[in-house]
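Next comes data.txt, with compact mmCIF, C-alpha atoms.
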# COMPACT_ATOMS: atom_id res chain seq x y z
CA MET A 1 2.39 43.49 -55.37
CA ASN A 2 4.34 45.76 -57.68
CA GLY A 3 4.52 43.08 -60.35
CA GLY A 4 4.75 42.87 -64.11
CA HIS A 5 0.95 42.90 -64.38
CA ASP A 6 0.45 46.41 -62.97
CA LEU A 7 0.87 48.21 -66.26
CA GLY A 8 -0.98 51.53 -66.05
CA GLY A 9 1.35 54.34 -67.12
CA MET A 10 4.25 52.16 -68.21
CA HIS A 11 6.16 53.25 -71.33
CA GLY A 12 7.95 51.44 -74.12
CA LEU A 13 5.55 48.55 -74.67
CA GLY A 14 4.93 49.38 -78.32
CA PRO A 15 1.96 50.16 -80.56
CA ILE A 16 -1.50 48.70 -79.97
CA ASP A 17 -1.38 46.94 -83.36
CA PRO A 18 -5.01 45.77 -83.28
CA GLU A 19 -6.06 42.95 -85.55
CA PRO A 20 -9.06 44.10 -87.62
CA GLU A 21 -12.22 43.28 -85.70
CA ARG A 22 -13.89 41.37 -88.51
CA GLU A 23 -10.84 39.18 -89.06
CA GLU A 24 -9.90 38.35 -85.48
CA PRO A 25 -10.73 34.80 -84.37
CA VAL A 26 -11.69 34.12 -80.74
CA PHE A 27 -8.68 31.82 -80.39
CA HIS A 28 -5.48 31.86 -82.46
CA ALA A 29 -4.39 28.26 -81.90
CA GLU A 30 -5.80 24.98 -80.63
CA TRP A 31 -3.65 25.12 -77.48
CA GLU A 32 -5.24 28.47 -76.60
CA ARG A 33 -8.70 26.87 -76.72
CA ARG A 34 -7.60 24.06 -74.43
CA ALA A 35 -5.64 26.33 -72.03
CA PHE A 36 -8.68 28.58 -71.70
CA ALA A 37 -11.07 25.70 -71.06
CA LEU A 38 -8.72 23.96 -68.62
CA ASN A 39 -8.55 27.15 -66.57
CA LEU A 40 -12.32 27.50 -66.43
CA ALA A 41 -13.03 23.83 -65.81
CA THR A 42 -10.50 23.49 -62.98
CA GLY A 43 -11.78 26.72 -61.47
CA PHE A 44 -15.11 24.98 -60.94
CA LEU A 45 -13.38 22.47 -58.65
CA GLY A 46 -13.61 25.21 -56.03
CA LYS A 47 -10.01 24.93 -54.83
CA TRP A 48 -9.21 28.57 -55.55
CA ASN A 49 -11.15 31.77 -56.19
CA ILE A 50 -10.88 34.30 -59.02
CA ASP A 51 -8.50 36.56 -57.07
CA GLN A 52 -6.19 33.65 -56.24
CA GLY A 53 -6.24 32.88 -59.96
CA ARG A 54 -5.19 36.43 -60.84
CA HIS A 55 -2.52 36.43 -58.15
CA ALA A 56 -1.04 33.18 -59.45
CA ARG A 57 -0.53 34.78 -62.87
CA GLU A 58 0.91 38.05 -61.55
CA ARG A 59 3.42 36.31 -59.27
CA GLN A 60 5.49 35.28 -62.26
CA HIS A 61 8.80 37.04 -62.89
CA PRO A 62 7.86 40.36 -64.53
CA ALA A 63 10.02 39.55 -67.55
CA ASP A 64 8.11 36.29 -68.06
CA TYR A 65 4.73 37.95 -67.54
CA LEU A 66 5.51 40.57 -70.18
CA ARG A 67 7.16 38.20 -72.64
CA ASN A 68 4.42 35.57 -72.50
CA SER A 69 1.33 35.70 -74.64
CA TYR A 70 -1.94 35.97 -72.76
CA TYR A 71 -2.82 32.30 -72.61
CA GLU A 72 0.76 31.40 -71.72
CA ASN A 73 0.22 33.46 -68.57
CA TRP A 74 -3.03 31.61 -67.96
CA LEU A 75 -1.22 28.32 -68.36
CA ALA A 76 1.61 29.34 -66.00
CA GLY A 77 -0.93 30.51 -63.42
CA LEU A 78 -2.89 27.28 -63.71
CA GLU A 79 0.21 25.14 -63.15
CA THR A 80 0.97 27.16 -60.00
CA LEU A 81 -2.59 26.77 -58.71
CA LEU A 82 -2.72 23.05 -59.38
CA VAL A 83 0.46 22.41 -57.42
CA GLU A 84 -0.28 24.84 -54.57
CA SER A 85 -3.78 23.43 -54.09
CA GLY A 86 -2.36 19.92 -53.94
CA LEU A 87 -4.47 18.70 -56.87
CA VAL A 88 -1.32 17.85 -58.82
CA SER A 89 2.20 17.25 -57.52
CA GLU A 90 5.33 18.88 -58.96
CA GLU A 91 6.43 15.45 -60.09
CA GLU A 92 3.16 14.77 -61.90
CA LEU A 93 3.34 18.15 -63.59
CA HIS A 94 6.88 17.54 -64.83
CA THR A 95 6.38 13.96 -65.96
CA ALA A 96 2.71 14.31 -67.01
CA MET A 97 2.25 10.87 -65.43
CA PRO A 98 -0.53 10.59 -62.83
CA LEU A 99 0.51 9.07 -59.52
CA GLY A 100 -3.05 8.61 -58.37
CA LYS A 101 -6.66 9.59 -58.96
CA ALA A 102 -8.18 12.72 -57.45
CA GLU A 103 -10.45 12.17 -54.48
CA ASP A 104 -13.38 14.18 -53.17
CA VAL A 105 -13.69 16.48 -56.15
CA ARG A 106 -16.79 17.61 -57.98
CA VAL A 107 -15.85 17.81 -61.63
CA LEU A 108 -17.68 20.12 -64.03
CA GLU A 109 -19.64 17.95 -66.46
CA ALA A 110 -20.50 18.95 -70.00
CA LYS A 111 -24.22 18.89 -69.28
CA ASN A 112 -23.77 21.50 -66.52
CA VAL A 113 -21.56 23.94 -68.43
CA GLU A 114 -24.32 26.15 -69.79
CA ALA A 115 -26.06 26.54 -66.43
CA ALA A 116 -22.80 27.08 -64.53
CA LEU A 117 -21.70 29.87 -66.87
CA ALA A 118 -25.14 31.50 -66.90
CA LYS A 119 -25.22 31.50 -63.12
CA GLY A 120 -21.84 33.17 -62.67
CA GLY A 121 -20.47 34.06 -59.27
CA PRO A 122 -21.65 37.35 -57.83
CA ALA A 123 -18.99 39.34 -55.93
CA THR A 124 -21.41 41.24 -53.73
CA VAL A 125 -21.71 40.42 -50.04
CA ASP A 126 -25.02 40.74 -48.27
CA ILE A 127 -23.94 42.52 -45.09
CA GLN A 128 -24.67 45.96 -43.68
CA LEU A 129 -21.64 48.25 -43.61
CA GLU A 130 -21.88 51.97 -42.97
CA PRO A 131 -20.24 53.78 -45.90
CA ARG A 132 -17.28 55.88 -44.84
CA PHE A 133 -17.49 57.92 -48.03
CA GLY A 134 -20.24 59.23 -50.26
CA PRO A 135 -20.53 60.66 -53.76
CA GLY A 136 -18.69 63.98 -54.00
CA ASP A 137 -16.15 63.19 -51.29
CA ASN A 138 -12.52 63.78 -52.12
CA VAL A 139 -10.35 60.82 -51.23
CA ARG A 140 -6.71 59.86 -51.50
CA VAL A 141 -5.61 56.38 -52.51
CA VAL A 142 -3.47 54.99 -49.73
CA ASN A 143 0.22 54.68 -50.42
CA ILE A 144 0.58 50.93 -50.03
CA HIS A 145 3.10 48.53 -51.51
CA PRO A 146 2.09 45.09 -50.23
CA ASP A 147 4.04 42.11 -51.54
CA GLY A 148 0.70 40.28 -51.78
CA HIS A 149 -2.22 40.93 -54.12
CA THR A 150 -3.84 44.34 -54.40
CA ARG A 151 -6.28 45.83 -56.88
CA ALA A 152 -5.19 49.40 -56.09
CA PRO A 153 -3.08 50.09 -59.17
CA ARG A 154 0.32 51.69 -58.66
CA TYR A 155 -0.46 54.70 -60.87
CA ALA A 156 -3.27 55.81 -58.54
CA ARG A 157 -1.57 55.41 -55.16
CA GLY A 158 -1.19 58.68 -53.29
CA LYS A 159 -3.43 60.42 -55.84
CA ILE A 160 -6.57 62.39 -54.99
CA GLY A 161 -9.87 61.61 -56.65
CA THR A 162 -13.59 62.07 -56.12
CA VAL A 163 -16.02 59.37 -55.10
CA GLU A 164 -18.67 59.19 -57.85
CA LEU A 165 -20.58 56.01 -57.06
CA ASP A 166 -21.13 53.69 -54.14
CA GLN A 167 -21.29 50.19 -55.67
CA GLY A 168 -22.27 48.39 -52.48
CA VAL A 169 -20.36 45.78 -50.51
CA HIS A 170 -18.14 43.50 -52.59
CA ILE A 171 -15.68 40.75 -51.73
CA PHE A 172 -12.40 42.53 -51.02
CA ALA A 173 -10.03 41.18 -53.66
CA ASP A 174 -6.83 42.02 -51.76
CA LYS A 175 -7.80 39.59 -48.98
CA ASN A 176 -9.70 37.10 -51.11
CA ALA A 177 -6.50 36.44 -53.07
CA HIS A 178 -5.02 35.15 -49.83
CA GLY A 179 -7.99 33.01 -48.89
CA THR A 180 -9.93 35.39 -46.62
CA LYS A 181 -13.43 36.28 -47.79
CA GLU A 182 -14.24 39.72 -46.44
CA GLY A 183 -16.84 42.25 -47.57
CA GLN A 184 -15.81 45.88 -48.07
CA ARG A 185 -17.61 48.79 -49.68
CA LEU A 186 -16.63 49.42 -53.29
CA TYR A 187 -16.56 52.89 -54.82
CA SER A 188 -16.14 54.24 -58.33
CA VAL A 189 -13.54 56.98 -57.88
CA GLN A 190 -12.72 59.54 -60.56
CA PHE A 191 -9.28 61.03 -61.14
CA ASP A 192 -8.31 63.59 -63.72
CA GLY A 193 -5.33 63.18 -65.97
CA SER A 194 -3.39 66.09 -64.53
CA GLU A 195 -3.67 64.64 -61.02
CA LEU A 196 -2.47 61.23 -62.22
CA TRP A 197 0.23 62.34 -64.65
CA GLY A 198 1.05 65.94 -63.76
CA ALA A 199 2.07 68.15 -66.67
CA ASP A 200 2.10 65.09 -68.94
CA GLY A 201 -1.62 64.49 -68.35
CA ASN A 202 -4.71 66.16 -69.75
CA SER A 203 -7.33 67.46 -67.33
CA LEU A 204 -10.07 66.51 -69.83
CA ASP A 205 -8.97 62.88 -69.61
CA LEU A 206 -10.73 61.28 -66.66
CA VAL A 207 -10.02 57.87 -65.19
CA ARG A 208 -12.52 55.92 -63.12
CA ILE A 209 -11.10 53.24 -60.84
CA ASP A 210 -13.04 50.76 -58.70
CA LEU A 211 -11.51 50.92 -55.22
CA TRP A 212 -12.53 49.33 -51.94
CA GLU A 213 -12.84 51.37 -48.76
CA PRO A 214 -9.48 50.18 -47.30
CA HIS A 215 -7.80 51.64 -50.41
CA LEU A 216 -9.05 55.14 -49.59
CA GLU A 217 -8.46 57.80 -46.97
CA PRO A 218 -10.31 61.10 -46.51
CA VAL A 219 -8.75 64.32 -47.79
CA MET B 220 -1.04 41.50 -91.26
CA GLY B 221 2.38 41.09 -89.65
CA HIS B 222 1.12 41.35 -86.11
CA SER B 223 3.95 40.95 -83.67
CA HIS B 224 2.07 38.40 -81.59
CA ASP B 225 1.44 35.98 -84.46
CA HIS B 226 4.77 34.25 -84.42
CA ASP B 227 4.58 32.85 -80.93
CA HIS B 228 1.24 31.12 -81.09
CA THR B 229 0.13 30.34 -84.60
CA ASP B 230 2.73 27.88 -85.81
CA PRO B 231 1.80 24.53 -84.32
CA PRO B 232 2.99 22.10 -83.33
CA ASN B 233 5.19 23.84 -80.81
CA ASP B 234 6.15 23.55 -77.17
CA LEU B 235 2.90 25.09 -76.04
CA GLU B 236 0.76 22.64 -78.00
CA LEU B 237 2.66 19.80 -76.33
CA ARG B 238 2.66 21.37 -72.88
CA VAL B 239 -1.10 21.96 -72.92
CA LYS B 240 -1.82 18.51 -74.36
CA ALA B 241 0.28 16.92 -71.60
CA LEU B 242 -1.49 18.94 -68.92
CA GLU B 243 -4.92 18.10 -70.31
CA SER B 244 -4.22 14.36 -70.39
CA LEU B 245 -2.80 14.48 -66.88
CA LEU B 246 -5.89 16.25 -65.55
CA VAL B 247 -8.24 13.93 -67.43
CA GLU B 248 -6.43 10.82 -66.18
CA LYS B 249 -6.49 12.14 -62.62
CA GLY B 250 -10.25 12.66 -62.91
CA LEU B 251 -10.07 16.44 -62.50
CA VAL B 252 -11.61 17.51 -65.80
CA ASP B 253 -14.15 16.08 -68.20
CA PRO B 254 -12.91 16.56 -71.79
CA ALA B 255 -16.48 16.96 -73.01
CA ALA B 256 -16.89 19.88 -70.60
CA LEU B 257 -13.79 21.49 -72.11
CA ASP B 258 -15.35 21.18 -75.57
CA ALA B 259 -18.57 22.74 -74.28
CA LEU B 260 -16.70 25.66 -72.67
CA ILE B 261 -14.82 26.35 -75.89
CA ASP B 262 -17.94 26.05 -78.02
CA THR B 263 -19.77 28.53 -75.77
CA TYR B 264 -17.25 31.32 -76.20
CA GLU B 265 -16.27 30.52 -79.76
CA HIS B 266 -19.79 30.22 -81.17
CA LYS B 267 -22.51 31.29 -78.76
CA VAL B 268 -21.45 34.23 -76.58
CA GLY B 269 -19.98 37.23 -78.36
CA PRO B 270 -20.34 40.90 -79.25
CA ARG B 271 -23.58 40.36 -81.19
CA ASN B 272 -25.18 40.10 -77.72
CA GLY B 273 -23.94 43.55 -76.78
CA ALA B 274 -25.04 44.93 -80.14
CA LYS B 275 -28.60 43.76 -79.39
CA VAL B 276 -28.48 45.58 -76.05
CA VAL B 277 -27.22 48.82 -77.59
CA ALA B 278 -29.61 48.76 -80.56
CA LYS B 279 -32.56 48.18 -78.24
CA ALA B 280 -31.44 51.09 -76.06
CA TRP B 281 -31.15 53.32 -79.13
CA SER B 282 -34.65 52.33 -80.21
CA GLU B 283 -36.55 52.27 -76.92
CA PRO B 284 -36.16 55.18 -74.46
CA ASP B 285 -37.63 53.14 -71.59
CA TYR B 286 -35.15 50.34 -72.14
CA LYS B 287 -32.28 52.85 -72.35
CA ALA B 288 -33.33 54.40 -69.02
CA TRP B 289 -33.45 50.93 -67.45
CA LEU B 290 -30.06 50.01 -68.93
CA LEU B 291 -28.44 53.13 -67.50
CA GLU B 292 -30.14 52.61 -64.14
CA ASP B 293 -29.64 48.85 -63.71
CA ALA B 294 -27.60 47.37 -66.54
CA THR B 295 -27.31 43.92 -64.97
CA GLU B 296 -31.09 43.44 -64.93
CA ALA B 297 -31.77 45.18 -68.23
CA ILE B 298 -29.18 42.98 -69.96
CA ALA B 299 -30.42 39.85 -68.19
CA SER B 300 -33.89 40.54 -69.62
CA LEU B 301 -32.42 39.74 -73.05
CA GLY B 302 -30.97 36.48 -71.74
CA PHE B 303 -27.37 37.58 -71.29
CA THR B 304 -26.21 36.70 -67.79
CA GLY B 305 -23.51 35.06 -65.77
CA ARG B 306 -19.79 34.73 -65.64
CA GLN B 307 -17.89 38.02 -65.91
CA GLY B 308 -21.13 39.95 -66.25
CA GLU B 309 -22.50 39.59 -62.76
CA HIS B 310 -22.29 43.34 -62.05
CA MET B 311 -22.82 45.38 -65.20
CA MET B 312 -22.81 49.10 -65.85
CA ALA B 313 -23.68 50.74 -69.16
CA VAL B 314 -21.89 54.01 -69.80
CA GLU B 315 -23.29 56.38 -72.40
CA ASN B 316 -21.29 58.37 -74.91
CA THR B 317 -22.54 61.89 -75.56
CA PRO B 318 -21.35 64.78 -77.76
CA SER B 319 -19.25 65.99 -74.80
CA LEU B 320 -18.08 62.74 -73.20
CA HIS B 321 -16.51 59.59 -74.64
CA ASN B 322 -16.12 56.42 -72.57
CA VAL B 323 -13.49 53.72 -73.00
CA VAL B 324 -12.88 50.56 -70.98
CA VAL B 325 -9.67 48.84 -69.89
CA CYS B 326 -8.32 46.51 -67.23
CA THR B 327 -4.78 47.68 -66.46
CA LEU B 328 -4.17 44.84 -63.96
CA CYS B 329 -5.40 41.86 -65.99
CA SER B 330 -8.09 41.43 -68.62
CA CYS B 331 -11.50 42.06 -67.02
CA TYR B 332 -14.15 42.29 -69.73
CA PRO B 333 -17.94 41.83 -69.89
CA TRP B 334 -18.12 38.30 -71.31
CA PRO B 335 -21.92 37.83 -71.55
CA VAL B 336 -22.28 40.85 -73.86
CA LEU B 337 -18.92 40.94 -75.66
CA GLY B 338 -17.54 37.40 -75.43
CA LEU B 339 -13.83 36.95 -74.80
CA PRO B 340 -11.62 40.00 -75.24
CA PRO B 341 -9.49 40.57 -78.35
CA VAL B 342 -5.72 40.08 -78.11
CA TRP B 343 -4.93 43.81 -78.04
CA TYR B 344 -7.27 44.41 -75.09
CA LYS B 345 -5.34 41.89 -72.98
CA ALA B 346 -1.90 43.00 -74.15
CA ALA B 347 0.57 45.33 -72.46
CA PRO B 348 0.53 48.24 -74.94
CA TYR B 349 -3.20 48.96 -74.53
CA ARG B 350 -3.28 48.29 -70.79
CA SER B 351 -0.30 50.54 -70.09
CA ARG B 352 -1.19 53.47 -72.29
CA VAL B 353 -4.94 54.00 -72.40
CA VAL B 354 -5.12 55.40 -68.86
CA ALA B 355 -2.34 57.92 -69.52
CA ASP B 356 -2.93 58.81 -73.17
CA PRO B 357 -6.43 57.71 -74.19
CA ARG B 358 -6.60 60.07 -77.18
CA GLY B 359 -3.31 58.77 -78.57
CA VAL B 360 -4.48 55.18 -78.16
CA LEU B 361 -7.82 55.90 -79.85
CA ARG B 362 -5.96 57.50 -82.74
CA GLU B 363 -4.30 54.14 -83.36
CA PHE B 364 -7.80 52.76 -83.94
CA GLY B 365 -8.53 55.61 -86.34
CA THR B 366 -10.68 57.44 -83.80
CA GLU B 367 -10.04 61.17 -83.53
CA LEU B 368 -11.92 62.92 -80.72
CA PRO B 369 -12.54 66.67 -80.61
CA GLU B 370 -10.01 68.36 -78.30
CA ASP B 371 -12.71 69.75 -76.03
CA MET B 372 -14.51 66.41 -75.63
CA LYS B 373 -13.92 64.72 -72.27
CA VAL B 374 -12.68 61.17 -72.25
CA ARG B 375 -13.52 58.89 -69.35
CA VAL B 376 -11.48 55.70 -69.03
CA TRP B 377 -12.96 52.94 -66.87
CA ASP B 378 -10.22 50.82 -65.30
CA SER B 379 -11.97 47.56 -64.35
CA THR B 380 -10.12 46.89 -61.10
CA ALA B 381 -13.02 45.11 -59.33
CA GLU B 382 -15.88 42.88 -60.52
CA MET B 383 -17.88 45.72 -62.09
CA ARG B 384 -18.02 45.22 -65.85
CA TYR B 385 -18.57 48.10 -68.28
CA LEU B 386 -20.40 48.26 -71.59
CA VAL B 387 -20.00 51.46 -73.60
CA MET B 388 -23.16 52.67 -75.28
CA PRO B 389 -21.90 54.46 -78.40
CA MET B 390 -23.80 57.38 -79.92
CA ARG B 391 -26.42 56.44 -82.47
CA PRO B 392 -25.13 57.35 -85.92
CA ASP B 393 -26.85 60.15 -87.83
CA GLY B 394 -29.03 59.10 -90.72
CA THR B 395 -30.52 56.08 -88.94
CA GLU B 396 -33.71 57.71 -87.64
CA ASP B 397 -36.01 55.29 -89.48
CA TRP B 398 -33.92 52.18 -88.86
CA THR B 399 -35.28 49.20 -86.96
CA ALA B 400 -33.39 47.82 -83.97
CA GLY B 401 -32.42 44.78 -86.02
CA ARG B 402 -30.80 46.94 -88.66
CA LEU B 403 -29.15 49.22 -86.09
CA GLU B 404 -27.44 46.20 -84.55
CA THR B 405 -25.31 45.90 -87.66
CA LEU B 406 -23.68 49.27 -86.88
CA VAL B 407 -22.69 48.35 -83.34
CA THR B 408 -19.16 46.99 -83.49
CA ARG B 409 -17.34 45.27 -80.65
CA ASN B 410 -14.76 48.07 -80.61
CA SER B 411 -17.47 50.71 -80.26
CA MET B 412 -18.72 48.92 -77.14
CA ILE B 413 -15.21 48.90 -75.64
CA GLY B 414 -15.01 52.57 -76.60
CA VAL B 415 -11.99 52.61 -78.89
CA GLU B 416 -14.15 53.40 -81.91
CA VAL B 417 -17.51 55.00 -82.62
CA ALA B 418 -20.41 53.02 -84.08
CA SER B 419 -20.22 52.42 -87.84
CA SER B 420 -21.88 55.02 -90.02
CA PRO B 421 -24.67 53.88 -92.38
CA GLU B 422 -22.38 54.76 -95.32
CA ALA B 423 -19.56 52.59 -93.96
CA GLY B 424 -21.85 49.62 -94.28
CA GLU B 425 -23.54 47.14 -92.07
CA SER B 426 -21.44 44.44 -90.42
Translate the structure described by the file into structure tokens.
Amino acid sequence: MNGGHDLGGMHGLGPIDPEPEREEPVFHAEWERRAFALNLATGFLGKWNIDQGRHARERQHPADYLRNSYYENWLAGLETLLVESGLVSEEELHTAMPLGKAEDVRVLEAKNVEAALAKGGPATVDIQLEPRFGPGDNVRVVNIHPDGHTRAPRYARGKIGTVELDQGVHIFADKNAHGTKEGQRLYSVQFDGSELWGADGNSLDLVRIDLWEPHLEPV
Amino acid sequence: MGHSHDHDHTDPPNDLELRVKALESLLVEKGLVDPAALDALIDTYEHKVGPRNGAKVVAKAWSEPDYKAWLLEDATEAIASLGFTGRQGEHMMAVENTPSLHNVVVCTLCSCYPWPVLGLPPVWYKAAPYRSRVVADPRGVLREFGTELPEDMKVRVWDSTAEMRYLVMPMRPDGTEDWTAGRLETLVTRNSMIGVEVASSPEAGES
């Protein structure tokens, strides 16, 4: 979707204003700690995947997405996921009063946190798929504007790049965000700045984007 | 420091404190989260997993040519050999800076970042100004970090649009030829492993 999250190339968002590295805390407020941990812990319930999580955040009104701080967006996304998955009702969310206990859930326990994080969740899919492209091939990013989730950023659509690496078969995020687990080949595709930005770009500035095979067409 | 983001999340108690507290108690009462697990998750990323992990990887690669070759060939395994694995680092690539090529990492669509080696990302990495501009004007963005690149040096920006996670291997600073890996680690800043800065010089001091 062409939402408020798809920021590459947008103007007017201000200076970077980095906090000095040695002074920056991991979290800036107690609620950020809790919002972060609630997101991770509920993710382990297995009711949604990482791409559904991203899509829940990016479906907000673009003005809200851009105005919110980072963990506010995480919080908004989590509230959406909880209601859509049926874990929490709208009424419970608004009143903060539970109307019943959850059933048939496997809750992440403190003693399992370390192992669960260390294990992670690989995105590769163990299937054989003939690659349509190989390193050195010129490809064009398809000109798509789905109203659902896509990881083909707007600034690259219609642009020509070169396949540099074949990263194997990965879960295709565009479908996974809508509940369909499908493997597609992932490529690291390189674009130069003058292709992406015309006369306002610099041909010595290169951009690598990870794109799945359905995002690409031969040139 | 007058950072523009300070005002909306550092003055508790506010609406967000209350909203998150209410959500947490609701989820705890419904039996959907274990509060002790929340504490453990926070403790992990606040105190255990952070950019010192990445610094160990880079310093070892600077010191041991075999390890560097392995890191560039199969970063996931080479990094796992030091004990850094898991969430948001399942598929790692190390990208090497050279005198003719500088690498920098972003996620224009969200906030993808290699957690096992760098911990959670800084605020600026997740914020709109960096995400919007670094793919179009990387040199201008780096200048805001005090990093000036030679005009004829190529810049390669890695937009993390899938589950590949990138660790920049900065160039080893001059004047460190006789340094041990342990001492070299002190020159490897978080920002140098994202690629917005170069590694600290020996004169600039050890972190």
- Task: Would you mind telling me which residue in A:His61, A:His145, A:Arg151, A:His215 lies nearest to chain B when using only C-alpha atoms?
- Result: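 Looking only at the distances to chain B, the closest residue turns out to be A:Arg151.
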- Any idea which chain A residues end up within 6 Å of chain B if we count only C-alpha atoms, as number ranges by chain please? A: 5-10, 13-14, 16, 18, 26, 29, 31, 37, 96, 101-102, 107, 109-110, 117-120, 122, 151, 204-210
- Query: Which residues come within 7 Å of Gly183 of chain A, counting all atoms listed in the file, excluding same-chain residues fewer than 6 positions away, as a VMD selection string?
  - Reply: chain A and resid 125 169 to 172
- Could you check which of A:Arg59, A:Arg154, A:Lys47, A:Arg54 is closest to Val88 of chain A, using only C-alpha atoms? A:Lys47
- Fewer than 2 positions away in the same chain doesn't count, so skip those; otherwise give me all residues within 12 Å of Ala297 of chain B, counting all atoms listed in the file, as JSON, numbers by chain. {"B": [273, 275, 276, 277, 279, 280, 285, 286, 287, 288, 289, 290, 291, 292, 293, 294, 295, 299, 300, 301, 302, 303, 304, 310, 311, 312, 313, 336]}
- Please, which residues are within 12 Å of (-17.4, 55.3, -44.7) by the file's coordinates, counting all atoms listed in the file, and could they come as a list in words? Gln128, Leu129, Glu130, Pro131, Arg132, Phe133, Gly134, Pro135, Asp137, Val139, Val163, Asp166, Gly168, Val169, Gln184, Arg185, Leu186, Tyr187, Trp212, Glu213, Pro214, His215, Leu216, Glu217 and Pro218 of chain A
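Reported to one decimal place, the separation of atom CA of Glu32 of chain A from atom CA of Ile413 of chain B is 22.8 Å.
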Specify the axis-aligned box that encloses all atoms of segment 307-318 of chain B listed in the file after padding of 6 Å on each side, stating its centre and edge lengths in Å to one decimal as AutoDock Vina command-line options.
--center_x -20.8 --center_y 51.4 --center_z -69.9 --size_x 17.8 --size_y 38.8 --size_z 27.7
- Item | Between atom CA of Val189 of chain A and atom CA of Ser203 of chain A, distance in Å (one decimal) | 15.4 Å
- Atom-to-atom span, atom CA of Leu337 of chain B and atom CA of Asn49 of chain A, Å: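 Interatomic distance, atom CA of Leu337 of chain B to atom CA of Asn49 of chain A: 22.9 Å.
If you measure from each of B:Arg271, B:Trp334, B:Ser319, B:Gly359 to Leu403 of chain B using only C-alpha atoms, the closest one turns out to be B:Arg271.
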- Query: Neighbours of segment 415-425 of chain B within 6 Å (all atoms listed in the file; same-chain residues fewer than 4 positions away dropped), as a ChimeraX atom specification?
  - Reply: /B:361,366,392,405-407,410-411
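Each of A:Glu79, A:Asp174, A:Asp51, A:Glu164 was checked against Met1 of chain A using only C-alpha atoms; the smallest atom-to-atom distance is that of A:Asp174.
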- With distances taken over only C-alpha atoms, the candidate from A:Ile160, A:Leu40, A:Val142, A:Val113 nearest Asp192 of chain A is A:Ile160
- Counting all atoms listed in the file, figure out which residue out of A:Asp64, A:Leu81, A:Leu87, A:Thr150 gets nearest to Gly100 of chain A.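 Checking each of A:Asp64, A:Leu81, A:Leu87, A:Thr150 against Gly100 of chain A, counting all atoms listed in the file, the winner is A:Leu87.
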